[in-house]
$ cat run-v5.csv   # CSV, C-alpha atoms
chain,number,residue,atom,x,y,z
F,1,MET,CA,49.3,150.7,313.8
F,2,ALA,CA,47.3,152.2,311.0
F,3,ILE,CA,47.4,154.3,307.9
F,4,MET,CA,46.5,158.0,308.5
F,5,LYS,CA,44.4,158.5,305.3
F,6,ASN,CA,44.1,161.8,303.5
F,7,GLU,CA,42.6,163.0,300.2
F,8,ILE,CA,46.2,164.2,299.3
F,9,PRO,CA,48.4,161.0,299.0
F,10,ILE,CA,51.6,162.6,300.2
F,11,LEU,CA,49.8,163.5,303.5
F,12,GLU,CA,49.0,159.9,304.2
F,13,PHE,CA,51.2,158.2,306.8
F,14,ASP,CA,51.6,154.6,307.9
F,15,THR,CA,52.6,154.3,311.6
F,16,ASN,CA,54.0,150.8,311.0
F,17,PRO,CA,57.9,151.1,311.0
F,18,ASP,CA,58.2,147.8,309.0
F,19,SER,CA,57.9,147.7,305.3
F,20,VAL,CA,57.8,145.1,302.6
F,21,LEU,CA,61.4,145.9,301.7
F,22,MET,CA,63.5,146.9,304.6
F,23,PRO,CA,66.9,148.8,304.2
F,24,ASN,CA,68.9,145.8,305.3
F,25,HIS,CA,67.0,143.3,303.1
F,26,GLU,CA,70.3,142.2,301.5
F,27,GLU,CA,71.4,140.9,304.9
F,28,LEU,CA,75.0,141.8,304.2
F,29,GLU,CA,77.6,140.6,306.6
F,30,ILE,CA,78.7,144.0,307.7
F,31,GLU,CA,78.5,146.0,310.9
F,32,LEU,CA,79.1,149.7,310.4
F,33,PRO,CA,80.6,151.9,313.1
F,34,LYS,CA,78.2,153.7,315.4
F,35,LYS,CA,79.5,157.1,314.0
F,36,ALA,CA,79.2,158.1,310.4
F,37,VAL,CA,79.8,161.0,308.1
F,38,PHE,CA,77.4,161.2,305.2
F,39,ALA,CA,78.2,164.3,303.2
F,40,PHE,CA,77.2,166.1,300.1
F,41,LEU,CA,80.8,166.9,299.2
F,42,GLY,CA,81.3,165.0,295.9
F,43,ASP,CA,84.8,163.8,295.1
F,44,GLU,CA,86.2,165.3,298.4
F,45,ILE,CA,84.9,162.1,300.1
F,46,ASP,CA,87.2,159.9,297.9
F,47,ARG,CA,90.1,162.2,298.3
F,48,TYR,CA,89.8,162.3,302.1
F,49,ALA,CA,89.5,158.5,302.2
F,50,ALA,CA,92.6,158.0,300.0
F,51,SER,CA,94.7,160.5,302.1
F,52,HIS,CA,93.6,159.0,305.4
F,53,GLY,CA,94.1,155.3,304.6
F,54,ALA,CA,90.4,154.5,304.7
F,55,LYS,CA,89.3,151.0,303.7
F,56,ILE,CA,86.2,150.1,301.6
F,57,VAL,CA,84.0,147.7,303.5
F,58,SER,CA,80.9,147.7,301.2
F,59,HIS,CA,79.1,149.6,298.5
F,60,PHE,CA,75.6,151.0,298.3
F,61,VAL,CA,74.5,150.0,294.8
F,62,SER,CA,72.0,152.3,293.1
F,63,THR,CA,70.8,152.4,289.5
F,64,THR,CA,73.1,155.3,288.6
F,65,LYS,CA,76.2,154.7,290.8
F,66,ASP,CA,77.8,152.5,293.3
F,67,TYR,CA,78.7,154.5,296.5
F,68,PRO,CA,81.8,153.2,298.3
F,69,VAL,CA,81.3,152.8,302.1
F,70,TYR,CA,84.6,153.7,303.7
F,71,ILE,CA,85.8,153.1,307.2
F,72,VAL,CA,88.3,155.8,308.4
F,73,LYS,CA,90.1,155.8,311.7
F,74,GLU,CA,90.3,159.0,313.7
F,75,GLY,CA,92.5,158.3,316.8
F,76,ASN,CA,91.0,155.2,318.3
F,77,GLU,CA,87.5,155.8,316.8
F,78,GLU,CA,86.2,154.2,313.5
F,79,ILE,CA,83.9,156.3,311.4
F,80,ALA,CA,81.9,155.3,308.4
F,81,LEU,CA,82.3,157.8,305.5
F,82,VAL,CA,80.0,157.9,302.5
F,83,GLN,CA,79.2,160.4,299.8
F,84,ALA,CA,75.6,161.6,299.8
F,85,PRO,CA,73.7,162.0,296.5
F,86,CYS,CA,71.6,165.0,295.6
F,87,GLY,CA,67.9,164.9,296.4
F,88,ALA,CA,65.9,163.8,299.4
F,89,GLY,CA,64.7,160.4,298.0
F,90,ALA,CA,68.2,159.2,297.0
F,91,ALA,CA,69.9,160.6,300.1
F,92,VAL,CA,67.4,159.1,302.6
F,93,GLN,CA,67.6,155.7,300.9
F,94,ILE,CA,71.3,155.6,301.7
F,95,LEU,CA,70.9,157.1,305.2
F,96,ASP,CA,68.3,154.5,306.1
F,97,TRP,CA,70.6,151.7,304.8
F,98,LEU,CA,73.5,153.1,306.9
F,99,ILE,CA,71.4,153.2,310.0
F,100,SER,CA,70.1,149.6,309.4
F,101,TYR,CA,73.7,148.3,309.4
F,102,GLY,CA,74.7,150.0,312.6
F,103,SER,CA,75.4,153.7,312.2
F,104,ARG,CA,73.5,155.7,314.9
F,105,GLU,CA,75.3,159.0,315.1
F,106,ILE,CA,75.5,160.7,311.8
F,107,ILE,CA,76.7,164.1,310.7
F,108,SER,CA,76.2,165.5,307.2
F,109,ALA,CA,77.4,168.6,305.4
F,110,GLY,CA,76.5,170.4,302.2
F,111,SER,CA,76.0,173.7,300.5
F,112,CYS,CA,72.8,175.8,300.5
F,113,GLY,CA,71.4,178.7,298.7
F,114,VAL,CA,70.7,181.9,300.6
F,115,LEU,CA,67.3,183.7,300.6
F,116,SER,CA,68.5,186.8,302.4
F,117,PRO,CA,71.8,188.7,301.8
F,118,MET,CA,74.6,186.6,303.1
F,119,GLU,CA,78.3,186.2,302.1
F,120,GLU,CA,79.4,183.0,300.4
F,121,ASN,CA,81.3,180.3,302.4
F,122,VAL,CA,79.6,181.1,305.7
F,123,PHE,CA,78.9,178.1,308.0
F,124,LEU,CA,75.4,177.6,309.3
F,125,VAL,CA,73.7,175.1,311.6
F,126,PRO,CA,70.0,174.3,310.8
F,127,ASN,CA,67.8,173.9,313.9
F,128,LYS,CA,64.7,173.0,311.9
F,129,ALA,CA,63.7,172.4,308.3
F,130,LEU,CA,60.5,173.2,306.4
F,131,ARG,CA,59.3,170.0,304.8
F,132,ASP,CA,58.7,171.0,301.1
F,133,GLU,CA,60.0,167.6,299.8
F,134,GLY,CA,58.1,164.3,299.5
F,135,THR,CA,60.4,161.8,301.3
F,136,SER,CA,60.0,163.0,304.9
F,137,TYR,CA,56.2,162.3,304.8
F,138,HIS,CA,57.0,158.5,304.6
F,139,TYR,CA,58.9,158.7,307.9
F,140,LEU,CA,57.0,161.1,310.1
F,141,PRO,CA,53.3,162.3,310.2
F,142,PRO,CA,52.6,165.5,308.3
F,143,SER,CA,53.8,168.7,309.8
F,144,ARG,CA,55.2,172.0,308.4
F,145,PHE,CA,58.7,171.7,310.1
F,146,VAL,CA,60.9,169.0,311.5
F,147,GLU,CA,63.3,169.8,314.3
F,148,ILE,CA,67.0,168.9,314.1
F,149,SER,CA,68.6,166.9,316.9
F,150,LYS,CA,69.9,169.2,319.7
F,151,ASP,CA,72.7,166.8,320.5
F,152,ALA,CA,73.9,166.9,316.9
F,153,ARG,CA,73.7,170.7,316.8
F,154,LYS,CA,75.7,171.0,320.0
F,155,ALA,CA,78.4,168.6,318.6
F,156,ILE,CA,78.6,170.7,315.4
F,157,GLU,CA,78.7,174.0,317.2
F,158,LYS,CA,81.5,172.7,319.5
F,159,ALA,CA,83.6,171.8,316.4
F,160,LEU,CA,83.0,175.3,314.9
F,161,GLN,CA,83.9,177.0,318.1
F,162,ASN,CA,87.1,175.0,318.5
F,163,ARG,CA,88.2,176.4,315.2
F,164,ASN,CA,87.0,179.9,316.0
F,165,LEU,CA,84.6,179.9,313.1
F,166,SER,CA,81.6,182.1,313.3
F,167,TYR,CA,78.2,180.5,312.6
F,168,THR,CA,74.5,181.1,312.8
F,169,GLU,CA,71.6,178.7,313.6
F,170,VAL,CA,69.1,178.9,310.8
F,171,VAL,CA,65.8,177.5,309.6
F,172,THR,CA,66.2,175.9,306.2
F,173,TRP,CA,63.7,175.3,303.4
F,174,SER,CA,64.1,171.7,302.0
F,175,THR,CA,62.6,171.4,298.5
F,176,ASP,CA,62.5,168.9,295.7
F,177,GLY,CA,61.9,171.6,293.1
F,178,PHE,CA,65.3,173.1,292.3
F,179,PHE,CA,63.8,174.9,289.3
F,180,ARG,CA,60.5,175.8,291.1
F,181,GLU,CA,61.9,178.3,293.6
F,182,THR,CA,59.6,181.0,292.3
F,183,LYS,CA,59.9,184.7,293.4
F,184,GLU,CA,56.7,184.5,295.4
F,185,LYS,CA,57.6,181.3,297.1
F,186,VAL,CA,61.0,182.7,298.1
F,187,GLU,CA,59.3,185.6,299.7
F,188,TYR,CA,56.8,183.3,301.4
F,189,ARG,CA,59.5,181.1,302.8
F,190,LYS,CA,61.4,184.1,304.1
F,191,SER,CA,58.2,185.3,305.9
F,192,GLU,CA,58.1,181.9,307.6
F,193,GLY,CA,61.6,182.4,309.0
F,194,CYS,CA,63.7,180.4,306.4
F,195,SER,CA,67.0,182.1,305.5
F,196,VAL,CA,68.5,179.3,303.3
F,197,VAL,CA,67.3,176.6,300.9
F,198,GLU,CA,68.6,173.1,300.1
F,199,MET,CA,67.1,169.7,299.1
F,200,GLU,CA,67.5,167.1,301.8
F,201,CYS,CA,67.7,168.4,305.4
F,202,SER,CA,64.1,167.8,306.4
F,203,ALA,CA,64.0,164.3,304.9
F,204,LEU,CA,67.2,163.2,306.5
F,205,ALA,CA,66.1,164.6,309.9
F,206,ALA,CA,62.8,162.7,309.6
F,207,CYS,CA,64.4,159.4,308.7
F,208,ALA,CA,66.9,159.6,311.6
F,209,GLN,CA,64.1,160.6,314.0
F,210,MET,CA,61.9,157.7,312.9
F,211,ARG,CA,64.8,155.2,313.2
F,212,GLY,CA,65.9,156.5,316.5
F,213,ALA,CA,69.3,157.8,315.3
F,214,VAL,CA,71.0,161.1,315.9
F,215,TRP,CA,71.6,163.2,312.8
F,216,GLY,CA,72.6,166.8,312.2
F,217,GLU,CA,74.0,168.9,309.3
F,218,ILE,CA,76.6,171.5,308.7
F,219,LEU,CA,75.6,173.9,305.9
F,220,PHE,CA,77.7,176.4,304.0
F,221,THR,CA,76.5,179.2,301.8
F,222,ALA,CA,76.8,178.9,298.1
F,223,ASP,CA,74.5,180.5,295.5
F,224,THR,CA,72.1,183.4,296.3
F,225,LEU,CA,68.4,184.0,295.7
F,226,SER,CA,68.3,187.1,297.9
F,227,ASP,CA,67.8,189.3,294.8
F,228,THR,CA,65.1,187.4,292.9
F,229,GLU,CA,65.6,189.7,289.9
F,230,CYS,CA,69.3,188.7,289.6
F,231,TYR,CA,70.1,185.1,290.6
F,232,ASP,CA,73.8,184.6,291.3
F,233,GLU,CA,75.4,181.1,291.5
F,234,ARG,CA,78.6,182.7,292.8
F,235,ASP,CA,81.2,179.8,293.1
F,236,TRP,CA,78.8,177.3,294.7
F,237,GLY,CA,80.7,177.5,298.0
F,238,LYS,CA,83.6,175.4,296.7
F,239,LYS,CA,86.1,177.0,299.1
F,240,SER,CA,84.3,175.4,302.0
F,241,VAL,CA,84.2,171.8,300.8
F,242,SER,CA,87.4,170.5,302.4
F,243,LEU,CA,86.9,172.3,305.7
F,244,ALA,CA,83.3,171.1,305.9
F,245,LEU,CA,84.4,167.5,305.8
F,246,GLU,CA,87.0,168.1,308.5
F,247,LEU,CA,84.2,169.7,310.6
F,248,CYS,CA,82.0,166.7,310.0
F,249,MET,CA,84.7,164.4,311.4
F,250,GLU,CA,85.3,166.6,314.5
F,251,SER,CA,81.5,167.0,315.0
F,252,VAL,CA,80.7,163.3,314.9
F,253,LEU,CA,83.5,162.6,317.4
F,254,ASN,CA,81.9,165.1,319.7
F,255,LEU,CA,78.7,163.0,319.9

$ encode --input "run-v5.csv" --output "structure tokens"
Amino acid sequence: MAIMKNEIPILEFDTNPDSVLMPNHEELEIELPKKAVFAFLGDEIDRYAASHGAKIVSHFVSTTKDYPVYIVKEGNEEIALVQAPCGAGAAVQILDWLISYGSREIISAGSCGVLSPMEENVFLVPNKALRDEGTSYHYLPPSRFVEISKDARKAIEKALQNRNLSYTEVVTWSTDGFFRETKEKVEYRKSEGCSVVEMECSALAACAQMRGAVWGEILFTADTLSDTECYDERDWGKKSVSLALELCMESVLNL
């Protein structure tokens, strides 16, 4: 095991999977279900938990907010349910923690911006993500893209097909710079095959891959950057939020 050194710090990678502070350093007396839904769906997580009799088994405590960790029962299967925070660093911190306490099959969902003309509230399945965020480089050696688990994609696509929902597999651009999606960079990313943009996919995929877990994501279209002269936030894909969470539940059961 060794550090792969580079003049650019973010391109340095330590092959040692152990760190000074491991995600389960608190040694909490919890064992989470194998299956988990970790979704960027805001208060919809709490509403779903309340309406399905979920119980809180723990909290992930961050400097800004405590995130309830719910257990919800779907048939005979228990599923962990947790709200995901915006941004790769914050999201991966919780995902790594969930994996460390037993979750090995995880499905996420969240909105994305479109780079090419696309209607709002369309469901998409990313098959790979361009790594334009910092967190993934601490989990995998440097590369331009990271692949998304085939097993997770198949599980998601089965759930979409069962509901007769059309979808497309896409390449997504994961970026930390919400306010740095410049006109030239949008065109550059499109030339590389990216059709949507969000902030966490590549990092979550890298974390899961490094930890030996299965992870995939359901995206739904929200704002549009397809016309770089006239940005349109539309309605942020709000009509898809409830359905996206139901699809997460169905998808994780398909794994």

$ residues_near_point --input "run-v5.csv" --point "(68.8, 144.0, 302.9)" --cutoff "12 Å" --atoms "all atoms listed in the file" --output "PyMOL selection string"
chain F and resi 19-30+60-61+93-94+96-101

$ closest_residue --input "run-v5.csv" --among "F:Glu120, F:Glu31, F:Glu133, F:Glu7" --to "Phe220 (chain F)" --atoms "only C-alpha atoms"
F:Glu120

$ closest_residue --input "run-v5.csv" --among "F:Val72, F:Ala129, F:Ile45, F:Ala205" --to "Val170 (chain F)" --atoms "only C-alpha atoms"
F:Ala129

$ residues_around --input "run-v5.csv" --residues "Val37 (chain F)" --least-positions-apart "2" --cutoff "6 Å" --atoms "only C-alpha atoms" --output "list of chain:residue names"
F:Leu81, F:Ile106, F:Ile107, F:Ser108

$ atom_distance --input "run-v5.csv" --atom1 "CA of Pro85 (chain F)" --atom2 "CA of Ala54 (chain F)"
20.1 Å

$ closest_residue --input "run-v5.csv" --among "F:His52, F:Pro126, F:Lys34, F:Gln83" --to "Lys65 (chain F)" --atoms "all atoms listed in the file"
F:Gln83

$ closest_residue --input "run-v5.csv" --among "F:Leu11, F:Leu219, F:Leu160, F:Ile79" --to "Tyr137 (chain F)" --atoms "all atoms listed in the file"
F:Leu11

$ residues_around --input "run-v5.csv" --residues "Leu115 (chain F)" --least-positions-apart "4" --cutoff "6 Å" --atoms "all atoms listed in the file" --output "VMD selection string"
chain F and resid 195 to 196 225 to 226

$ write_last_selection --input "run-v5.csv" --atoms "C-alpha atoms" --output "PDB file, in the frame of the given file"
ATOM      1  CA  SER F 195      67.000 182.100 305.500  1.00  0.00           C
ATOM      2  CA  VAL F 196      68.500 179.300 303.300  1.00  0.00           C
ATOM      3  CA  LEU F 225      68.400 184.000 295.700  1.00  0.00           C
ATOM      4  CA  SER F 226      68.300 187.100 297.900  1.00  0.00           C
TER       5      SER F 226
END

$ closest_residue --input "run-v5.csv" --among "F:Val186, F:Leu247, F:Val197, F:Ala50" --to "Pro68 (chain F)" --atoms "only C-alpha atoms"
F:Ala50

$ atom_distance --input "run-v5.csv" --atom1 "CA of Cys207 (chain F)" --atom2 "CA of Ala152 (chain F)"
14.6 Å

$ closest_residue --input "run-v5.csv" --among "F:Ala88, F:Glu44, F:Asp14, F:Gln161" --to "Asp176 (chain F)" --atoms "only C-alpha atoms"
F:Ala88

$ atom_distance --input "run-v5.csv" --atom1 "CA of Pro142 (chain F)" --atom2 "CA of Val171 (chain F)"
17.9 Å

$ residues_near_point --input "run-v5.csv" --point "(86.6, 170.3, 301.7)" --cutoff "12 Å" --atoms "all atoms listed in the file" --output "JSON list (two decimals) with C-alpha atoms, in the coordinates of the input"
[["chain", "number", "residue", "atom", "x", "y", "z"],
["F", 39, "ALA", "CA", 78.20, 164.30, 303.20],
["F", 40, "PHE", "CA", 77.20, 166.10, 300.10],
["F", 41, "LEU", "CA", 80.80, 166.90, 299.20],
["F", 42, "GLY", "CA", 81.30, 165.00, 295.90],
["F", 43, "ASP", "CA", 84.80, 163.80, 295.10],
["F", 44, "GLU", "CA", 86.20, 165.30, 298.40],
["F", 45, "ILE", "CA", 84.90, 162.10, 300.10],
["F", 46, "ASP", "CA", 87.20, 159.90, 297.90],
["F", 47, "ARG", "CA", 90.10, 162.20, 298.30],
["F", 48, "TYR", "CA", 89.80, 162.30, 302.10],
["F", 109, "ALA", "CA", 77.40, 168.60, 305.40],
["F", 110, "GLY", "CA", 76.50, 170.40, 302.20],
["F", 111, "SER", "CA", 76.00, 173.70, 300.50],
["F", 121, "ASN", "CA", 81.30, 180.30, 302.40],
["F", 220, "PHE", "CA", 77.70, 176.40, 304.00],
["F", 237, "GLY", "CA", 80.70, 177.50, 298.00],
["F", 238, "LYS", "CA", 83.60, 175.40, 296.70],
["F", 239, "LYS", "CA", 86.10, 177.00, 299.10],
["F", 240, "SER", "CA", 84.30, 175.40, 302.00],
["F", 241, "VAL", "CA", 84.20, 171.80, 300.80],
["F", 242, "SER", "CA", 87.40, 170.50, 302.40],
["F", 243, "LEU", "CA", 86.90, 172.30, 305.70],
["F", 244, "ALA", "CA", 83.30, 171.10, 305.90],
["F", 245, "LEU", "CA", 84.40, 167.50, 305.80],
["F", 246, "GLU", "CA", 87.00, 168.10, 308.50],
["F", 247, "LEU", "CA", 84.20, 169.70, 310.60],
["F", 248, "CYS", "CA", 82.00, 166.70, 310.00],
["F", 249, "MET", "CA", 84.70, 164.40, 311.40]]

$ residues_around --input "run-v5.csv" --residues "Ser251 (chain F)" --least-positions-apart "4" --cutoff "7 Å" --atoms "only C-alpha atoms" --output "ChimeraX atom specification"
/F:155-156,159,247,255
